[in-house]
$ cat input_13.cif   # mmCIF, C-alpha atoms
data_work
loop_
_atom_site.label_atom_id
_atom_site.label_comp_id
_atom_site.auth_asym_id
_atom_site.auth_seq_id
_atom_site.Cartn_x
_atom_site.Cartn_y
_atom_site.Cartn_z
CA MET D 90 11.77 15.27 -27.17
CA SER D 91 8.46 17.00 -27.45
CA THR D 92 7.02 18.70 -24.41
CA GLY D 93 3.45 18.04 -25.43
CA THR D 94 0.30 19.03 -23.69
CA TYR D 95 -0.05 15.99 -21.48
CA ALA D 96 3.02 16.69 -19.39
CA ARG D 97 1.90 20.22 -18.70
CA VAL D 98 -1.84 19.81 -18.37
CA ARG D 99 -3.26 21.78 -15.48
CA SER D 100 -6.59 22.98 -16.81
CA ALA D 101 -9.78 21.39 -15.54
CA LEU D 102 -11.10 21.58 -19.10
CA ALA D 103 -8.53 19.01 -20.11
CA VAL D 104 -10.23 16.31 -18.07
CA ASN D 105 -13.67 16.95 -19.49
CA SER D 106 -13.64 13.95 -21.80
CA VAL D 107 -12.73 11.63 -18.93
CA LEU D 108 -15.33 13.24 -16.74
CA VAL D 109 -18.05 12.89 -19.35
CA ALA D 110 -17.23 9.20 -19.84
CA PHE D 111 -17.23 8.65 -16.10
CA ILE D 112 -20.56 10.39 -15.59
CA ALA D 113 -22.05 8.50 -18.55
CA ILE D 114 -21.08 5.18 -16.93
CA TYR D 115 -22.43 6.41 -13.62
CA VAL D 116 -25.76 7.53 -15.07
CA SER D 117 -26.22 4.28 -16.98
CA ILE D 118 -25.55 2.17 -13.88
CA VAL D 119 -27.87 4.26 -11.74
CA ALA D 120 -30.61 4.27 -14.39
CA VAL D 121 -30.52 0.50 -14.82
CA SER D 122 -30.36 -0.02 -11.06
CA PHE D 123 -33.31 2.22 -10.33
CA ALA D 124 -35.36 0.69 -13.15
CA ALA D 125 -34.66 -2.76 -11.73
CA VAL D 126 -35.73 -1.72 -8.23
CA TRP D 127 -38.93 0.03 -9.26
CA THR D 128 -40.07 -2.71 -11.64
CA THR D 129 -39.65 -5.37 -8.94
CA GLU D 130 -41.12 -3.34 -6.07
CA SER D 131 -44.23 -5.49 -5.74
CA ARG D 132 -42.06 -8.54 -5.04
CA LEU D 133 -39.83 -6.88 -2.43
CA PRO D 134 -40.45 -7.03 1.34
CA PHE D 135 -39.70 -3.31 1.75
CA PRO D 136 -40.57 -0.05 -0.05
CA ALA D 137 -38.43 0.48 -3.16
CA GLY D 138 -37.73 4.04 -2.05
CA ASN D 139 -35.66 2.81 0.91
CA LEU D 140 -33.33 0.88 -1.34
CA THR D 141 -32.95 3.55 -4.02
CA SER D 142 -32.30 6.29 -1.48
CA TYR D 143 -29.62 4.14 0.17
CA TRP D 144 -27.83 3.47 -3.12
CA LEU D 145 -28.33 7.02 -4.29
CA GLU D 146 -26.51 8.27 -1.20
CA SER D 147 -23.48 6.11 -1.87
CA GLU D 148 -23.52 7.09 -5.55
CA VAL D 149 -23.63 10.77 -4.66
CA ILE D 150 -20.73 10.31 -2.26
CA GLY D 151 -18.83 8.46 -4.98
CA ILE D 152 -19.35 11.10 -7.64
CA ALA D 153 -18.54 13.89 -5.16
CA MET D 154 -15.26 12.17 -4.26
CA TYR D 155 -14.41 11.80 -7.93
CA LEU D 156 -15.15 15.43 -8.70
CA ALA D 157 -13.16 16.59 -5.68
CA TRP D 158 -10.16 14.44 -6.59
CA VAL D 159 -10.14 15.68 -10.15
CA ALA D 160 -11.05 19.28 -9.37
CA LEU D 161 -8.47 19.91 -6.66
CA PRO D 162 -5.59 21.95 -8.05
CA ARG D 163 -2.65 19.68 -8.65
CA PRO D 164 -0.09 19.22 -11.38
CA HIS D 165 -0.83 16.47 -13.88
CA ARG D 166 -4.50 16.39 -13.07
CA MET D 167 -5.33 14.46 -16.22
CA ARG D 168 -2.83 11.74 -15.43
CA TYR D 169 -4.15 11.45 -11.89
CA ALA D 170 -7.72 11.24 -13.18
CA LEU D 171 -6.84 8.51 -15.67
CA GLU D 172 -4.46 6.41 -13.64
CA THR D 173 -5.96 6.61 -10.18
CA VAL D 174 -9.42 8.11 -9.88
CA LEU D 175 -10.94 6.30 -12.85
CA PRO D 176 -10.06 2.80 -11.53
CA ILE D 177 -11.18 3.68 -8.00
CA GLY D 178 -14.37 5.30 -9.28
CA LEU D 179 -15.28 2.31 -11.44
CA CYS D 180 -14.45 0.02 -8.53
CA LEU D 181 -16.98 1.89 -6.35
CA TYR D 182 -19.57 1.70 -9.09
CA GLY D 183 -18.90 -2.00 -9.49
CA VAL D 184 -19.51 -2.48 -5.75
CA ASP D 185 -22.71 -0.44 -5.93
CA ALA D 186 -24.07 -2.23 -8.99
CA ALA D 187 -23.23 -5.65 -7.56
CA GLY D 188 -24.61 -4.66 -4.15
CA LEU D 189 -27.89 -3.55 -5.60
CA ALA D 190 -28.14 -6.67 -7.76
CA ALA D 191 -27.41 -8.86 -4.72
CA THR D 192 -29.99 -7.03 -2.59
CA LEU D 193 -32.65 -7.49 -5.25
CA TRP D 194 -31.76 -11.11 -5.84
CA PHE D 195 -31.83 -12.01 -2.15
CA ASN D 196 -35.06 -10.17 -1.48
CA LEU D 197 -37.24 -11.09 -4.44
CA ASP D 198 -40.36 -12.77 -3.00
CA ALA D 199 -38.81 -12.82 0.49
CA LYS D 200 -41.07 -12.17 3.49
CA THR D 201 -38.50 -10.20 5.49
CA PHE D 202 -35.43 -8.18 4.51
CA GLN D 203 -32.47 -10.39 3.61
CA MET D 204 -29.06 -8.86 4.08
CA PRO D 205 -26.81 -9.62 1.07
CA PHE D 206 -23.71 -9.59 3.26
CA GLY D 207 -25.17 -12.42 5.29
CA SER D 208 -23.96 -15.13 2.92
CA LEU D 209 -20.87 -16.04 0.96
CA THR D 210 -22.79 -15.61 -2.31
CA GLY D 211 -23.64 -12.02 -1.42
CA ILE D 212 -20.08 -11.23 -0.35
CA GLY D 213 -18.85 -12.90 -3.54
CA LEU D 214 -21.12 -10.67 -5.63
CA PHE D 215 -19.82 -7.53 -3.91
CA LEU D 216 -16.21 -8.57 -4.38
CA GLY D 217 -16.85 -9.65 -7.97
CA GLY D 218 -18.40 -6.30 -8.80
CA SER D 219 -15.57 -4.37 -7.22
CA PHE D 220 -12.87 -6.38 -8.99
CA ALA D 221 -14.65 -6.17 -12.35
CA GLY D 222 -14.90 -2.38 -12.04
CA TRP D 223 -11.35 -2.12 -10.77
CA PHE D 224 -9.83 -4.13 -13.61
CA LEU D 225 -11.84 -2.27 -16.24
CA GLY D 226 -10.87 1.14 -14.84
CA ARG D 227 -7.24 0.19 -14.38
CA TYR D 228 -6.99 -1.19 -17.89
CA LEU D 229 -8.73 1.75 -19.57
CA GLY D 230 -6.91 4.36 -17.47
CA GLY D 231 -3.49 2.81 -18.01
CA LEU D 232 -4.10 2.51 -21.72
CA ALA D 233 -5.19 6.13 -22.07
CA ALA D 234 -2.30 7.51 -19.97
CA SER D 235 0.30 5.42 -21.81
CA SER D 236 -0.86 6.45 -25.24
CA ARG D 237 -0.80 10.11 -24.24
CA LEU D 238 2.75 9.86 -22.91
CA ARG D 239 3.79 7.87 -25.97
CA ARG D 240 2.38 10.49 -28.31
CA GLU D 241 4.67 13.03 -26.63
CA ALA D 242 7.76 10.98 -27.37
CA ALA D 243 6.71 10.40 -30.99
CA SER D 244 9.83 8.60 -32.17
CA SER D 245 10.43 5.49 -34.24
CA LEU D 246 13.00 4.34 -31.69
CA ARG D 247 11.28 2.93 -28.62
CA SER D 248 12.84 1.64 -25.45
CA ALA D 249 11.39 0.05 -22.33
CA TRP D 250 13.22 -1.11 -19.20
CA PHE D 251 11.34 -3.15 -16.61
CA ALA D 252 11.87 -4.03 -12.95
CA GLU D 253 9.69 -5.17 -10.05
CA THR D 254 9.62 -4.55 -6.31
CA SER D 255 7.90 -6.51 -3.55
CA PRO D 256 7.20 -5.38 0.02
CA ASP D 257 9.21 -6.38 3.09
CA GLY D 258 8.36 -6.49 6.81
CA SER D 259 8.87 -2.77 7.33
CA TRP D 260 6.20 -2.01 4.70
CA ARG D 261 3.78 -4.47 6.31
CA ARG D 262 4.25 -2.82 9.71
CA ALA D 263 3.78 0.71 8.35
CA THR D 264 0.79 -0.25 6.20
CA GLY D 265 -0.78 -2.29 9.01
CA ILE D 266 -0.77 0.77 11.26
CA THR D 267 -2.03 3.14 8.54
CA THR D 268 -4.82 0.98 7.17
CA GLY D 269 -5.77 -0.25 10.65
CA LEU D 270 -6.37 3.33 11.79
CA ILE D 271 -8.55 3.90 8.71
CA MET D 272 -10.54 0.68 8.99
CA LEU D 273 -11.30 0.86 12.71
CA PRO D 274 -13.65 3.86 12.29
CA LEU D 275 -15.28 2.05 9.34
CA ILE D 276 -16.07 -0.94 11.55
CA LEU D 277 -17.44 1.34 14.27
CA LEU D 278 -19.44 3.30 11.68
CA ALA D 279 -20.93 0.09 10.30
CA GLN D 280 -21.97 -0.84 13.84
CA ALA D 281 -23.51 2.57 14.46
CA MET D 282 -25.46 2.57 11.19
CA SER D 283 -26.65 -1.03 11.39
CA TRP D 284 -30.18 -0.12 12.51
CA ALA D 285 -30.76 2.08 9.48
CA TYR D 286 -29.69 0.08 6.49
CA SER D 287 -28.83 -3.48 7.31
CA PRO D 288 -30.80 -5.02 10.14
CA GLY D 289 -29.53 -8.27 11.50
CA SER D 290 -26.02 -9.37 12.28
CA LEU D 291 -23.26 -7.10 11.04
CA LEU D 292 -20.61 -9.67 11.77
CA PRO D 293 -20.07 -10.62 8.08
CA THR D 294 -19.59 -6.95 7.17
CA GLN D 295 -17.13 -6.38 9.95
CA LEU D 296 -15.32 -9.62 9.16
CA LEU D 297 -15.08 -8.46 5.55
CA ILE D 298 -13.42 -5.21 6.63
CA VAL D 299 -11.00 -7.02 8.94
CA GLY D 300 -10.35 -9.55 6.17
CA ALA D 301 -9.54 -6.76 3.73
CA TRP D 302 -7.10 -5.32 6.26
CA ALA D 303 -5.40 -8.68 6.80
CA PHE D 304 -5.34 -9.34 3.04
CA THR D 305 -3.65 -5.99 2.44
CA ILE D 306 -0.91 -6.73 4.92
CA VAL D 307 -0.32 -10.39 4.14
CA VAL D 308 -0.50 -10.23 0.33
CA GLY D 309 1.05 -6.78 0.19
CA ASP D 310 1.58 -4.38 -2.62
CA HIS D 311 3.76 -4.98 -5.63
CA ALA D 312 5.24 -2.35 -7.90
CA THR D 313 6.17 -2.64 -11.56
CA ILE D 314 8.62 0.00 -12.67
CA SER D 315 8.99 0.77 -16.35
CA ILE D 316 11.34 3.30 -17.86
CA THR D 317 10.68 4.16 -21.48
CA ASP D 318 11.76 6.86 -23.88
CA ALA D 319 8.42 8.51 -23.01
CA ALA D 320 8.18 8.28 -19.22
CA VAL D 321 9.12 6.64 -15.95
CA ARG D 322 6.08 4.81 -14.71
CA VAL D 323 5.29 2.98 -11.48
CA ARG D 324 2.21 0.80 -11.29
CA THR D 325 1.09 -0.75 -8.03
CA ARG D 326 -1.35 -3.51 -7.29
CA LEU D 327 -3.27 -2.28 -4.25
CA LEU D 328 -6.05 0.31 -4.20
CA SER D 329 -6.24 0.60 -7.96
CA ASN D 330 -2.71 1.84 -8.41
CA ASN D 331 -3.21 4.61 -5.86
CA MET D 332 0.51 4.66 -5.05
CA GLY D 333 1.49 4.52 -8.70
CA TRP D 334 2.77 7.50 -10.61
CA SER D 335 4.30 8.44 -13.92
CA VAL D 336 6.61 11.24 -14.91
CA SER D 337 7.32 12.01 -18.52
CA LEU D 338 11.01 12.12 -19.44
CA SER D 339 10.78 15.75 -20.50
CA GLU D 340 9.75 16.73 -16.96
CA ILE D 341 12.68 15.08 -15.18
CA GLU D 342 15.29 17.38 -13.74
CA SER D 343 17.40 14.73 -12.02
CA ALA D 344 17.31 11.07 -11.03
CA GLN D 345 19.33 9.49 -8.25
CA ALA D 346 19.63 6.34 -6.16
CA ILE D 347 18.83 6.92 -2.49
CA ALA D 348 18.07 4.87 0.64
CA ALA D 349 14.44 4.95 1.79
CA ARG D 350 12.15 3.21 4.27
CA PRO D 351 8.34 2.91 4.52
CA GLU D 352 6.62 5.33 6.89
CA ALA D 353 3.30 4.85 8.68
CA LEU D 354 0.62 7.49 8.08
CA ASN D 355 2.41 8.86 5.06
CA PHE D 356 -0.20 9.48 2.37
CA ASP D 357 2.14 10.98 -0.18
CA ARG D 358 1.19 9.06 -3.32
CA SER D 359 4.36 10.10 -5.12
CA ARG D 360 6.29 8.05 -2.54
CA CYS D 361 6.01 4.36 -3.40
CA VAL D 362 8.40 2.88 -0.84
CA LEU D 363 7.75 -0.82 -0.37
CA ARG D 364 10.92 -1.83 1.43
CA THR D 365 13.81 -0.50 3.46
CA GLY D 366 16.72 -0.09 1.13
CA PRO D 367 17.68 1.38 -2.23
CA ALA D 368 15.16 3.50 -4.06
CA LEU D 369 14.96 5.58 -7.19
CA GLU D 370 14.24 9.25 -6.59
CA ILE D 371 13.17 11.55 -9.40
CA ARG D 372 13.00 15.31 -9.13
CA THR D 373 10.99 17.19 -11.70
CA VAL D 374 11.53 20.63 -13.14
CA ALA D 375 8.30 21.69 -11.41
CA GLY D 376 9.79 20.80 -8.02
CA GLY D 377 8.03 17.44 -7.58
CA ARG D 378 9.78 14.52 -5.93
CA TYR D 379 8.86 10.92 -6.82
CA THR D 380 10.28 7.85 -5.09
CA VAL D 381 10.02 4.12 -5.65
CA SER D 382 11.82 1.24 -3.95
CA LEU D 383 14.10 -0.46 -6.43
CA ASP D 384 17.01 -2.83 -5.85
CA GLU D 385 18.48 -1.83 -9.21
CA ALA D 386 18.12 1.91 -8.54
CA ALA D 387 21.62 2.74 -9.77
CA LYS D 388 20.98 0.90 -13.03
CA ALA D 389 17.63 2.67 -13.41
CA VAL D 390 19.36 6.02 -13.03
CA ALA D 391 21.80 5.04 -15.77
CA VAL D 392 18.92 4.00 -18.07
CA ILE D 393 17.09 7.28 -17.44
CA GLU D 394 20.22 9.32 -18.13
CA ALA D 395 20.91 7.35 -21.31
CA LEU D 396 17.36 7.83 -22.57
CA ARG D 397 17.36 11.52 -21.67
CA SER D 398 20.64 12.14 -23.44
CA GLY D 399 19.32 10.31 -26.48
CA ALA D 400 16.00 12.13 -26.38
CA MET O 94 15.93 -5.73 -18.87
CA LEU O 95 15.94 -3.21 -21.69
CA PHE O 96 13.80 -3.66 -24.80
CA GLU O 97 14.65 -1.54 -27.82
CA ILE O 98 12.81 -1.47 -31.12
CA ASP O 99 12.79 0.71 -34.20
CA THR O 100 9.42 0.94 -35.91
CA LEU O 101 11.08 2.16 -39.12
CA SER O 102 13.42 -0.85 -39.30
CA SER O 103 12.78 -3.42 -42.00
CA ALA O 104 13.02 -6.15 -39.35
CA PRO O 105 9.60 -7.11 -37.96
CA ILE O 106 8.84 -5.74 -34.52
CA TYR O 107 8.22 -9.15 -33.01
CA GLY O 108 11.64 -10.18 -34.29
CA GLN O 109 13.25 -7.15 -32.69
CA ILE O 110 11.58 -7.92 -29.35
CA ALA O 111 12.67 -11.54 -29.55
CA ALA O 112 16.21 -10.43 -30.42
CA CYS O 113 16.32 -8.24 -27.28
CA VAL O 114 15.43 -11.23 -25.12
CA ARG O 115 17.91 -13.50 -26.90
CA ARG O 116 20.68 -10.96 -26.39
CA ALA O 117 19.80 -10.53 -22.70
CA ILE O 118 19.89 -14.31 -22.20
CA ALA O 119 23.13 -14.65 -24.12
CA ASP O 120 24.75 -11.81 -22.15
CA GLY O 121 23.62 -13.29 -18.85
CA ALA O 122 21.42 -10.29 -18.06
CA LEU O 123 18.48 -12.70 -17.94
CA LYS O 124 19.12 -15.80 -15.87
CA PRO O 125 17.09 -19.03 -16.01
CA GLY O 126 13.91 -18.48 -14.01
CA SER O 127 13.87 -14.71 -14.64
CA LYS O 128 10.43 -13.35 -15.30
CA LEU O 129 9.75 -11.23 -18.36
CA PRO O 130 7.23 -8.38 -18.27
CA PRO O 131 3.66 -9.39 -19.10
CA SER O 132 2.96 -9.06 -22.81
CA ARG O 133 0.25 -6.50 -22.15
CA ASP O 134 2.58 -4.24 -20.13
CA LEU O 135 5.39 -4.51 -22.65
CA ALA O 136 3.01 -3.83 -25.53
CA ARG O 137 1.67 -0.77 -23.78
CA GLU O 138 5.09 0.68 -23.00
CA LEU O 139 6.43 0.07 -26.50
CA ASP O 140 3.12 1.16 -28.02
CA VAL O 141 2.78 -1.99 -30.11
CA ASN O 142 0.02 -4.55 -30.41
CA MET O 143 -0.13 -7.13 -27.63
CA HIS O 144 -0.25 -9.92 -30.21
CA THR O 145 3.11 -8.71 -31.53
CA VAL O 146 4.68 -9.27 -28.12
CA GLN O 147 2.90 -12.59 -27.76
CA ARG O 148 4.26 -13.65 -31.14
CA ALA O 149 7.79 -12.76 -30.01
CA TYR O 150 7.35 -14.69 -26.77
CA GLY O 151 5.84 -17.59 -28.70
CA GLN O 152 8.82 -17.71 -31.03
CA LEU O 153 11.20 -17.75 -28.07
CA ARG O 154 9.18 -20.54 -26.49
CA ASP O 155 9.45 -22.56 -29.71
CA GLU O 156 13.21 -22.03 -29.60
CA GLY O 157 13.24 -23.39 -26.05
CA LEU O 158 14.35 -20.12 -24.51
CA LEU O 159 11.13 -19.28 -22.67
CA GLU O 160 8.48 -21.12 -20.77
CA LEU O 161 5.00 -19.62 -21.04
CA ARG O 162 2.92 -20.56 -18.02
CA GLN O 163 -0.71 -19.71 -17.55
CA GLY O 164 -1.03 -17.07 -14.85
CA ARG O 165 2.74 -16.76 -14.35
CA GLY O 166 3.73 -15.16 -17.63
CA ALA O 167 6.94 -15.69 -19.54
CA ILE O 168 9.91 -17.17 -17.70
CA VAL O 169 13.41 -17.81 -19.01
CA ALA O 170 13.79 -21.55 -19.44
CA SER O 171 16.18 -23.34 -17.18
CA GLY O 172 18.82 -25.76 -18.40
CA ARG O 173 21.05 -25.93 -21.43
CA VAL O 174 19.98 -22.84 -23.29
CA ALA O 175 23.00 -20.56 -23.04
CA PRO O 176 25.22 -21.74 -25.96
CA SER O 177 22.38 -22.02 -28.50
CA ALA O 178 20.88 -18.78 -27.22
CA ARG O 179 24.11 -16.93 -27.94
CA LEU O 180 24.33 -18.44 -31.41
CA ASN O 181 20.66 -17.68 -32.08
CA SER O 182 21.17 -14.12 -30.98
CA LEU O 183 24.16 -13.64 -33.29
CA ILE O 184 22.36 -15.23 -36.25
CA HIS O 185 19.29 -13.08 -35.76
CA ASP O 186 21.42 -9.94 -35.48
CA LEU O 187 23.19 -10.95 -38.69
CA LEU O 188 19.90 -11.57 -40.50
CA ASN O 189 18.53 -8.23 -39.31
CA GLU O 190 21.65 -6.45 -40.52
CA ALA O 191 21.45 -8.23 -43.86
CA ASP O 192 17.81 -7.18 -44.15
CA ALA O 193 18.73 -3.61 -43.37
CA GLN O 194 21.37 -3.67 -46.13
CA GLY O 195 18.99 -5.22 -48.63
CA LEU O 196 20.76 -8.59 -48.82
CA THR O 197 18.68 -11.70 -49.44
CA THR O 198 19.26 -14.84 -47.40
CA ALA O 199 20.86 -16.49 -50.44
CA GLN O 200 23.24 -13.57 -50.93
CA LEU O 201 24.12 -13.68 -47.25
CA ALA O 202 24.78 -17.42 -47.45
CA ARG O 203 27.07 -16.89 -50.47
CA LEU O 204 28.91 -14.18 -48.59
CA MET O 205 29.40 -16.51 -45.65
CA GLU O 206 30.65 -19.27 -47.95
CA THR O 207 33.30 -16.97 -49.39
CA MET O 208 34.50 -16.10 -45.89
CA ARG O 209 34.96 -19.70 -44.78
#

$ encode --input "input_13.cif" --output "structure tokens"
Amino acid sequence: MSTGTYARVRSALAVNSVLVAFIAIYVSIVAVSFAAVWTTESRLPFPAGNLTSYWLESEVIGIAMYLAWVALPRPHRMRYALETVLPIGLCLYGVDAAGLAATLWFNLDAKTFQMPFGSLTGIGLFLGGSFAGWFLGRYLGGLAASSRLRREAASSLRSAWFAETSPDGSWRRATGITTGLIMLPLILLAQAMSWAYSPGSLLPTQLLIVGAWAFTIVVGDHATISITDAAVRVRTRLLSNNMGWSVSLSEIESAQAIAARPEALNFDRSRCVLRTGPALEIRTVAGGRYTVSLDEAAKAVAVIEALRSGA
Amino acid sequence: MLFEIDTLSSAPIYGQIAACVRRAIADGALKPGSKLPPSRDLARELDVNMHTVQRAYGQLRDEGLLELRQGRGAIVASGRVAPSARLNSLIHDLLNEADAQGLTTAQLARLMETMR
């Protein structure tokens, strides 16, 4: 098997194409948004500058987060950029674009400021924008990462083994504690900032945050595990595949079936443990350790070994 | 379940994918009600066109082996599929092998007649 460039990418230069595409999307969204705000200023009940500065702040935070995520030294930076940061980044931009559109729509020819979160339509627009961005980013990122891994394998013989894992009660408890501790400051922050950006009742916003927390716990995550002659890949549903990972076959040092359980406040994204029980653990030649809950862990190990020996 | 294809084989890729599913059903690796991977995921991992996978799934649906449900993906059909699935699997394997050896269907049929 080839040990192509993707498996060993560490240079920031390697992510330039992704970065350029991301910034191009960002600039186009911001440009259209600002044009829309300034051309409709005479029909808005507030100065256009207030709105653009508010959205500009969130955009700047978004792009800074993206740059930090991609720029931080880590192995497989390109893969992380494609599979995780791109979907999350586009999700944020989707929220921003939809939020701005909703604010304009609700406030055109209004006498006083109308808060877009104050109605189901506004909340629907925000959620629609976030999901549209999320799906687009996830699809594009997954496609790009897969094709890169596949190019490394470069064989006429192709194999793919699939399995799925759903969460149990132990995952819901651990995730409830972790996400609850993250969302509580968000609710308090929204309350503290209410006077600046969104006058009126903040109850819908806070209900939305609590709803997102409850949704996360009740619906839960779901992992799809695929083992191919190119890579072992885990894709998760929540947070734009943030807990997902992929390891190319050429990087694997050993694979074994272990017992694992979900842990609260564990932010290790190479540890996708959704239930208490058997899990597949992969150790890489670079010293990395990747885990995913899998009832058929022993079978997965056998598949990996078979593919590696045939590679 | 394990999907294996050879892009250099003379057998069409959709046929190879369908054969993998038939074999898994015949061997009992896929039970009635088992869910198959979404066509998009399988296409991505095998690096083939999504329509190729959909064609394979469609063929299996026409054979009564799969149920394709909107929003739920491809599910192994319940009921009396096992005996015909095994036979289908063997016939397809035989046809693929004949293809690989350059035998036409007529030549294969003659060969089978002589063996009866």

$ resolve_selection --input "input_13.cif" --expression "the PyMOL selection byres ((chain O and resi 137-139) around 7)" --output "MDAnalysis selection string"
(chainID D and resid 232 235 247:249 317) or (chainID O and resid 133:136 140:141)

$ write_last_selection --input "input_13.cif" --atoms "C-alpha atoms" --output "compact mmCIF listing (two decimals), keeping the file's coordinate frame"
# COMPACT_ATOMS: atom_id res chain seq x y z
CA LEU D 232 -4.10 2.51 -21.72
CA SER D 235 0.30 5.42 -21.81
CA ARG D 247 11.28 2.93 -28.62
CA SER D 248 12.84 1.64 -25.45
CA ALA D 249 11.39 0.05 -22.33
CA THR D 317 10.68 4.16 -21.48
CA ARG O 133 0.25 -6.50 -22.15
CA ASP O 134 2.58 -4.24 -20.13
CA LEU O 135 5.39 -4.51 -22.65
CA ALA O 136 3.01 -3.83 -25.53
CA ASP O 140 3.12 1.16 -28.02
CA VAL O 141 2.78 -1.99 -30.11

$ resolve_selection --input "input_13.cif" --expression "the PyMOL selection byres ((chain D and resi 225) around 12)" --output "CSV table (one decimal) with C-alpha atoms, in the coordinates of the input"
chain,number,residue,atom,x,y,z
D,114,ILE,CA,-21.1,5.2,-16.9
D,171,LEU,CA,-6.8,8.5,-15.7
D,172,GLU,CA,-4.5,6.4,-13.6
D,175,LEU,CA,-10.9,6.3,-12.8
D,176,PRO,CA,-10.1,2.8,-11.5
D,177,ILE,CA,-11.2,3.7,-8.0
D,178,GLY,CA,-14.4,5.3,-9.3
D,179,LEU,CA,-15.3,2.3,-11.4
D,180,CYS,CA,-14.4,0.0,-8.5
D,181,LEU,CA,-17.0,1.9,-6.4
D,182,TYR,CA,-19.6,1.7,-9.1
D,183,GLY,CA,-18.9,-2.0,-9.5
D,218,GLY,CA,-18.4,-6.3,-8.8
D,219,SER,CA,-15.6,-4.4,-7.2
D,220,PHE,CA,-12.9,-6.4,-9.0
D,221,ALA,CA,-14.6,-6.2,-12.4
D,222,GLY,CA,-14.9,-2.4,-12.0
D,223,TRP,CA,-11.4,-2.1,-10.8
D,224,PHE,CA,-9.8,-4.1,-13.6
D,226,GLY,CA,-10.9,1.1,-14.8
D,227,ARG,CA,-7.2,0.2,-14.4
D,228,TYR,CA,-7.0,-1.2,-17.9
D,229,LEU,CA,-8.7,1.8,-19.6
D,230,GLY,CA,-6.9,4.4,-17.5
D,231,GLY,CA,-3.5,2.8,-18.0
D,232,LEU,CA,-4.1,2.5,-21.7
D,329,SER,CA,-6.2,0.6,-8.0

$ atom_distance --input "input_13.cif" --atom1 "atom CA of Thr325 of chain D" --atom2 "atom CA of Asp310 of chain D"
6.5 Å

$ atom_distance --input "input_13.cif" --atom1 "atom CA of Ala137 of chain D" --atom2 "atom CA of Val184 of chain D"
19.3 Å

$ resolve_selection --input "input_13.cif" --expression "the PyMOL selection byres ((chain O and resi 111) around 12)" --output "VMD selection string"
chain O and resid 95 to 98 104 to 110 112 to 118 129 145 to 156 158 to 159 178 181 to 182 185 to 186 189

$ atom_distance --input "input_13.cif" --atom1 "atom CA of Ile393 of chain D" --atom2 "atom CA of Arg372 of chain D"
12.3 Å

$ residues_around --input "input_13.cif" --residues "Gly126 of chain O" --least-positions-apart "6" --cutoff "10 Å" --atoms "all atoms listed in the file" --output "list in words"
Leu159, Glu160, Ala167, Ile168, Val169, Ala170, Ser171 and Gly172 of chain O

$ closest_residue --input "input_13.cif" --among "D:Gln203, D:Ser117, D:Thr267, D:Ser315" --to "chain O" --atoms "all atoms listed in the file"
D:Ser315

$ closest_residue --input "input_13.cif" --among "D:Ser122, D:Arg132, D:Leu246, D:Ile212" --to "Asp99 of chain O" --atoms "all atoms listed in the file"
D:Leu246

$ residues_around --input "input_13.cif" --residues "Trp127 of chain D" --least-positions-apart "5" --cutoff "10 Å" --atoms "all atoms listed in the file" --output "list in words"
Ser122, Leu133, Pro136, Ala137, Gly138, Leu140 and Thr141 of chain D

$ write_last_selection --input "input_13.cif" --atoms "C-alpha atoms" --output "mmCIF file, in the coordinates of the input"
data_model
loop_
_atom_site.group_PDB
_atom_site.id
_atom_site.type_symbol
_atom_site.label_atom_id
_atom_site.label_comp_id
_atom_site.auth_asym_id
_atom_site.auth_seq_id
_atom_site.Cartn_x
_atom_site.Cartn_y
_atom_site.Cartn_z
ATOM 1 C CA SER D 122 -30.360 -0.020 -11.060
ATOM 2 C CA LEU D 133 -39.830 -6.880 -2.430
ATOM 3 C CA PRO D 136 -40.570 -0.050 -0.050
ATOM 4 C CA ALA D 137 -38.430 0.480 -3.160
ATOM 5 C CA GLY D 138 -37.730 4.040 -2.050
ATOM 6 C CA LEU D 140 -33.330 0.880 -1.340
ATOM 7 C CA THR D 141 -32.950 3.550 -4.020
#

$ axis_aligned_box --input "input_13.cif" --around "segment 263-267 of chain D" --padding-each-side "6 Å" --output "JSON"
{"center_x": 0.9, "center_y": 0.4, "center_z": 8.7, "size_x": 17.8, "size_y": 17.4, "size_z": 17.1}

$ closest_residue --input "input_13.cif" --among "D:Glu130, D:Glu340, D:Glu352, D:Asp318" --to "chain O" --atoms "only C-alpha atoms"
D:Asp318

$ residues_around --input "input_13.cif" --residues "Leu369 of chain D" --least-positions-apart "6" --cutoff "10 Å" --atoms "all atoms listed in the file" --output "ChimeraX atom specification"
/D:344-349,361-362,379-390

$ closest_residue --input "input_13.cif" --among "O:Ala122, O:Leu187, O:Pro130, O:Gln163" --to "chain D" --atoms "all atoms listed in the file"
O:Pro130

$ residues_around --input "input_13.cif" --residues "Ala191 of chain O" --least-positions-apart "6" --cutoff "12 Å" --atoms "all atoms listed in the file" --output "ChimeraX atom specification"
/O:102-104,184-185,197-202,204-205

$ closest_residue --input "input_13.cif" --among "O:Leu196, O:Ala119, O:Met143, O:Leu180" --to "chain D" --atoms "all atoms listed in the file"
O:Met143

$ residues_near_point --input "input_13.cif" --point "(4.5, -4.5, 3.9)" --cutoff "8 Å" --atoms "only C-alpha atoms" --output "ChimeraX atom specification"
/D:256-265,306-307,309-310,363-364
